[in-house]
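Peer 1: Handing you this structure, nothing more for now.
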Amino acid sequence: CTSPPRGIQASHATTVNVTVGTGMGISNTLEFIYLPVSVIFRLTPTLGTSGTPLHMHGYGFHEIRGVQPVCMFSFSDGDEVQTPATILSDSLVTCDAPPSDTNSRARVGISLNGGHDVITSDEVFLYQRPISVESVKPIHVPNSIGAMLNI
């Protein structure tokens, strides 16, 4: 069946009880939750490596009891990867970028209901090669301000 329209646009989740009536009686009652509209308007940072903590800024982020929110990463090659998300407030969600190849791109979204529905961001996360410092020269300098270093 199709859920009926919610009617009022509230800023919080609304729970309704669902039962099914047949010629043989009425079913048990289950809970169905209407969620408020959620929007992502900014992703920070948009560049990093595997494991980079990401922050999605927006509104309407609400936890559902017993459901783990997940970040959804949709890569340009068609792969999709989920990582656990943490809802810090109704306007901020955080998660870590999953492992990926250098120079890949992923559109990032959030699912508040276990991956069934995804709210996506217009921005993409660009993976870059991890930065590695191989040498610093000179390795000794006088105790003064402004010494030039080659890294």
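Ordered as shown in the structure tokens, chains take letters A, B, and onward, while each chain numbers its residues from 1 and ligands are numbered from 1 in the order shown.
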Can you tell me, as an MDAnalysis selection string, what residues are no more than 7 Å from A:Gln82 when counting only C-alpha atoms, ignoring any on the same chain fewer than 2 positions away?

Peer 2: chainID A and resid 70:73 80 84

Peer 1: Just to be explicit: take each residue in the selection above, keep all heavy atoms, and write the result as a PDB file, in the first residue's frame.

Peer 2:
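The new file part28.pdb reads:
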ATOM      1  N   VAL A  70      23.333   6.143   8.181  1.00  0.00           N
ATOM      2  CA  VAL A  70      24.528   5.832   7.396  1.00  0.00           C
ATOM      3  C   VAL A  70      24.800   6.933   6.382  1.00  0.00           C
ATOM      4  O   VAL A  70      23.881   7.554   5.866  1.00  0.00           O
ATOM      5  CB  VAL A  70      24.414   4.470   6.658  1.00  0.00           C
ATOM      6  CG1 VAL A  70      24.384   3.321   7.638  1.00  0.00           C
ATOM      7  CG2 VAL A  70      23.210   4.421   5.746  1.00  0.00           C
ATOM      8  N   CYS A  71      26.092   7.162   6.140  1.00  0.00           N
ATOM      9  CA  CYS A  71      26.502   8.012   5.026  1.00  0.00           C
ATOM     10  C   CYS A  71      26.587   7.127   3.801  1.00  0.00           C
ATOM     11  O   CYS A  71      27.055   5.989   3.877  1.00  0.00           O
ATOM     12  CB  CYS A  71      27.863   8.653   5.301  1.00  0.00           C
ATOM     13  SG  CYS A  71      27.787  10.011   6.477  1.00  0.00           S
ATOM     14  N   MET A  72      26.133   7.641   2.702  1.00  0.00           N
ATOM     15  CA  MET A  72      26.153   6.911   1.434  1.00  0.00           C
ATOM     16  C   MET A  72      27.137   7.603   0.491  1.00  0.00           C
ATOM     17  O   MET A  72      27.018   8.800   0.252  1.00  0.00           O
ATOM     18  CB  MET A  72      24.764   6.905   0.803  1.00  0.00           C
ATOM     19  CG  MET A  72      23.671   6.358   1.703  1.00  0.00           C
ATOM     20  SD  MET A  72      23.779   4.591   1.941  1.00  0.00           S
ATOM     21  CE  MET A  72      23.279   4.014   0.349  1.00  0.00           C
ATOM     22  N   PHE A  73      28.104   6.834  -0.006  1.00  0.00           N
ATOM     23  CA  PHE A  73      29.097   7.348  -0.947  1.00  0.00           C
ATOM     24  C   PHE A  73      28.842   6.690  -2.295  1.00  0.00           C
ATOM     25  O   PHE A  73      28.960   5.474  -2.431  1.00  0.00           O
ATOM     26  CB  PHE A  73      30.507   7.033  -0.450  1.00  0.00           C
ATOM     27  CG  PHE A  73      30.890   7.793   0.783  1.00  0.00           C
ATOM     28  CD1 PHE A  73      30.464   7.369   2.038  1.00  0.00           C
ATOM     29  CD2 PHE A  73      31.658   8.939   0.700  1.00  0.00           C
ATOM     30  CE1 PHE A  73      30.798   8.069   3.184  1.00  0.00           C
ATOM     31  CE2 PHE A  73      31.996   9.651   1.843  1.00  0.00           C
ATOM     32  CZ  PHE A  73      31.566   9.216   3.087  1.00  0.00           C
ATOM     33  N   GLU A  80      28.705   1.870  -4.652  1.00  0.00           N
ATOM     34  CA  GLU A  80      28.119   2.588  -3.522  1.00  0.00           C
ATOM     35  C   GLU A  80      28.607   1.957  -2.238  1.00  0.00           C
ATOM     36  O   GLU A  80      28.638   0.743  -2.107  1.00  0.00           O
ATOM     37  CB  GLU A  80      26.595   2.569  -3.584  1.00  0.00           C
ATOM     38  CG  GLU A  80      26.055   3.386  -4.732  1.00  0.00           C
ATOM     39  CD  GLU A  80      24.574   3.663  -4.617  1.00  0.00           C
ATOM     40  OE1 GLU A  80      23.901   3.050  -3.762  1.00  0.00           O
ATOM     41  OE2 GLU A  80      24.085   4.497  -5.385  1.00  0.00           O
ATOM     42  N   PRO A  84      28.961   4.131   8.863  1.00  0.00           N
ATOM     43  CA  PRO A  84      28.117   4.600   9.964  1.00  0.00           C
ATOM     44  C   PRO A  84      28.201   6.120  10.107  1.00  0.00           C
ATOM     45  O   PRO A  84      29.262   6.708   9.924  1.00  0.00           O
ATOM     46  CB  PRO A  84      28.713   3.916  11.195  1.00  0.00           C
ATOM     47  CG  PRO A  84      29.532   2.783  10.674  1.00  0.00           C
ATOM     48  CD  PRO A  84      29.991   3.184   9.309  1.00  0.00           C
TER      49      PRO A  84
END

Peer 1: Determine, counting only C-alpha atoms, which protein, DNA and RNA residues have an atom within 9 Å of an atom of A:Gln68; residues of the same chain fewer than 2 positions away are not included. Present the result as a VMD selection string.

Peer 2: chain A and resid 63 to 66 70 84 to 86 111 to 114

Peer 1: Keeping N, CA and C atoms for every residue in the selection just given, could you write it to a file as a PDB file, in the first residue's frame?

Peer 2:
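Below you can see selection_39.pdb, which holds the result:
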ATOM      1  N   GLU A  63      17.279  11.212  14.537  1.00  0.00           N
ATOM      2  CA  GLU A  63      17.538   9.795  14.777  1.00  0.00           C
ATOM      3  C   GLU A  63      16.223   9.038  14.878  1.00  0.00           C
ATOM      4  N   ILE A  64      16.232   7.810  14.375  1.00  0.00           N
ATOM      5  CA  ILE A  64      15.100   6.906  14.513  1.00  0.00           C
ATOM      6  C   ILE A  64      15.512   5.824  15.488  1.00  0.00           C
ATOM      7  N   ARG A  65      14.733   5.634  16.502  1.00  0.00           N
ATOM      8  CA  ARG A  65      15.045   4.647  17.536  1.00  0.00           C
ATOM      9  C   ARG A  65      15.308   3.281  16.892  1.00  0.00           C
ATOM     10  N   GLY A  66      16.485   2.715  17.201  1.00  0.00           N
ATOM     11  CA  GLY A  66      16.836   1.388  16.728  1.00  0.00           C
ATOM     12  C   GLY A  66      17.391   1.314  15.314  1.00  0.00           C
ATOM     13  N   VAL A  70      23.333   6.143   8.181  1.00  0.00           N
ATOM     14  CA  VAL A  70      24.528   5.832   7.396  1.00  0.00           C
ATOM     15  C   VAL A  70      24.800   6.933   6.382  1.00  0.00           C
ATOM     16  N   PRO A  84      28.961   4.131   8.863  1.00  0.00           N
ATOM     17  CA  PRO A  84      28.117   4.600   9.964  1.00  0.00           C
ATOM     18  C   PRO A  84      28.201   6.120  10.107  1.00  0.00           C
ATOM     19  N   ALA A  85      27.067   6.721  10.420  1.00  0.00           N
ATOM     20  CA  ALA A  85      26.999   8.167  10.613  1.00  0.00           C
ATOM     21  C   ALA A  85      26.593   8.465  12.050  1.00  0.00           C
ATOM     22  N   THR A  86      26.964   9.649  12.503  1.00  0.00           N
ATOM     23  CA  THR A  86      26.564  10.123  13.821  1.00  0.00           C
ATOM     24  C   THR A  86      25.815  11.437  13.644  1.00  0.00           C
ATOM     25  N   SER A 111      21.460   8.620   4.915  1.00  0.00           N
ATOM     26  CA  SER A 111      20.205   7.878   5.052  1.00  0.00           C
ATOM     27  C   SER A 111      19.886   7.780   6.534  1.00  0.00           C
ATOM     28  N   LEU A 112      18.726   8.257   6.907  1.00  0.00           N
ATOM     29  CA  LEU A 112      18.303   8.229   8.301  1.00  0.00           C
ATOM     30  C   LEU A 112      17.516   6.959   8.628  1.00  0.00           C
ATOM     31  N   ASN A 113      17.167   6.185   7.573  1.00  0.00           N
ATOM     32  CA  ASN A 113      16.359   4.983   7.795  1.00  0.00           C
ATOM     33  C   ASN A 113      17.041   3.717   7.274  1.00  0.00           C
ATOM     34  N   GLY A 114      18.329   3.609   7.555  1.00  0.00           N
ATOM     35  CA  GLY A 114      19.052   2.381   7.262  1.00  0.00           C
ATOM     36  C   GLY A 114      19.362   2.125   5.802  1.00  0.00           C
TER      37      GLY A 114
END

Peer 1: Give me the residues near A:Asp77 as a count of residues only, where near means some atom within 12 Å (using only C-alpha atoms) and where sequence neighbours in that chain fewer than 4 positions away do not count.

Peer 2: 8

Peer 1: From the options A:Ile151, A:Val124, A:Val20, A:Ile139, which residue's atoms come nearest to A:Arg42, counting only C-alpha atoms?

Peer 2: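 When distances to A:Arg42 are compared using only C-alpha atoms, the smallest one comes from A:Val124.
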
Peer 1: Using only C-alpha atoms, which residue out of A:Gly78, A:Pro69, A:Pro98, A:Gly146 lies closest to A:Leu126?

Peer 2: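 Looking only at the distances to A:Leu126, the closest residue turns out to be A:Pro98.
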
Peer 1: As a VMD selection string, please: all residues of stretch 42-98 of chain A that backbone DSSP puts in strand (DSSP E).

Peer 2: chain A and resid 42 to 44 47 to 48 53 to 59 70 to 75 80 to 89 92 to 96

Peer 1: Residues as selected, N, CA and C atoms, written as a CSV table (one decimal), in the first residue's frame, can you do that?

Peer 2:
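Saved result, again06.csv, follows:
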chain,number,residue,atom,x,y,z
A,42,ARG,N,25.7,21.8,2.7
A,42,ARG,CA,27.1,22.0,2.6
A,42,ARG,C,27.8,20.7,3.2
A,43,LEU,N,28.9,20.3,2.5
A,43,LEU,CA,29.8,19.2,2.9
A,43,LEU,C,31.1,19.8,3.2
A,44,THR,N,31.7,19.4,4.3
A,44,THR,CA,33.1,19.9,4.6
A,44,THR,C,33.9,18.7,5.3
A,47,LEU,N,37.6,17.6,0.1
A,47,LEU,CA,38.8,17.0,-0.4
A,47,LEU,C,39.5,16.3,0.7
A,48,GLY,N,40.0,15.1,0.5
A,48,GLY,CA,40.7,14.4,1.6
A,48,GLY,C,41.1,13.0,1.2
A,53,PRO,N,37.3,12.7,8.3
A,53,PRO,CA,36.0,13.0,9.0
A,53,PRO,C,35.3,14.0,8.1
A,54,LEU,N,34.0,13.7,7.7
A,54,LEU,CA,33.2,14.6,6.9
A,54,LEU,C,32.1,15.1,7.8
A,55,HIS,N,31.7,16.4,7.5
A,55,HIS,CA,30.6,17.0,8.2
A,55,HIS,C,29.5,17.4,7.1
A,56,MET,N,28.3,17.0,7.3
A,56,MET,CA,27.2,17.4,6.5
A,56,MET,C,26.4,18.4,7.2
A,57,HIS,N,26.3,19.6,6.7
A,57,HIS,CA,25.5,20.7,7.3
A,57,HIS,C,24.2,20.8,6.6
A,58,GLY,N,23.1,21.0,7.3
A,58,GLY,CA,21.8,21.1,6.7
A,58,GLY,C,20.7,21.2,7.8
A,59,TYR,N,19.6,20.6,7.6
A,59,TYR,CA,18.5,20.6,8.6
A,59,TYR,C,17.7,19.4,8.4
A,70,VAL,N,23.3,6.1,8.2
A,70,VAL,CA,24.5,5.8,7.4
A,70,VAL,C,24.8,6.9,6.4
A,71,CYS,N,26.1,7.2,6.1
A,71,CYS,CA,26.5,8.0,5.0
A,71,CYS,C,26.6,7.1,3.8
A,72,MET,N,26.1,7.6,2.7
A,72,MET,CA,26.2,6.9,1.4
A,72,MET,C,27.1,7.6,0.5
A,73,PHE,N,28.1,6.8,0.0
A,73,PHE,CA,29.1,7.3,-0.9
A,73,PHE,C,28.8,6.7,-2.3
A,74,SER,N,28.5,7.5,-3.3
A,74,SER,CA,28.2,7.0,-4.6
A,74,SER,C,29.4,7.4,-5.5
A,75,PHE,N,30.2,6.5,-5.9
A,75,PHE,CA,31.4,6.7,-6.7
A,75,PHE,C,31.1,6.8,-8.2
A,80,GLU,N,28.7,1.9,-4.7
A,80,GLU,CA,28.1,2.6,-3.5
A,80,GLU,C,28.6,2.0,-2.2
A,81,VAL,N,29.0,2.8,-1.3
A,81,VAL,CA,29.6,2.3,0.0
A,81,VAL,C,28.8,3.1,1.1
A,82,GLN,N,28.5,2.3,2.2
A,82,GLN,CA,27.9,2.9,3.3
A,82,GLN,C,28.9,2.9,4.5
A,83,THR,N,28.9,4.0,5.3
A,83,THR,CA,29.7,4.1,6.5
A,83,THR,C,28.7,4.6,7.6
A,84,PRO,N,29.0,4.1,8.9
A,84,PRO,CA,28.1,4.6,10.0
A,84,PRO,C,28.2,6.1,10.1
A,85,ALA,N,27.1,6.7,10.4
A,85,ALA,CA,27.0,8.2,10.6
A,85,ALA,C,26.6,8.5,12.0
A,86,THR,N,27.0,9.6,12.5
A,86,THR,CA,26.6,10.1,13.8
A,86,THR,C,25.8,11.4,13.6
A,87,ILE,N,24.6,11.5,14.2
A,87,ILE,CA,23.8,12.7,14.1
A,87,ILE,C,24.2,13.5,15.3
A,88,LEU,N,24.9,14.6,15.1
A,88,LEU,CA,25.3,15.5,16.2
A,88,LEU,C,24.2,16.5,16.6
A,89,SER,N,23.4,16.9,15.7
A,89,SER,CA,22.3,17.8,16.0
A,89,SER,C,21.3,17.7,14.8
A,92,LEU,N,23.6,18.9,11.8
A,92,LEU,CA,24.9,18.4,11.6
A,92,LEU,C,25.0,16.9,11.7
A,93,VAL,N,25.6,16.3,10.7
A,93,VAL,CA,25.9,14.8,10.7
A,93,VAL,C,27.4,14.6,10.4
A,94,THR,N,28.0,13.6,11.0
A,94,THR,CA,29.4,13.4,10.7
A,94,THR,C,29.6,11.9,10.4
A,95,CYS,N,30.6,11.6,9.5
A,95,CYS,CA,31.0,10.2,9.2
A,95,CYS,C,32.4,10.3,8.6
A,96,ASP,N,33.0,9.1,8.5
A,96,ASP,CA,34.3,9.0,7.9
A,96,ASP,C,34.3,8.6,6.4
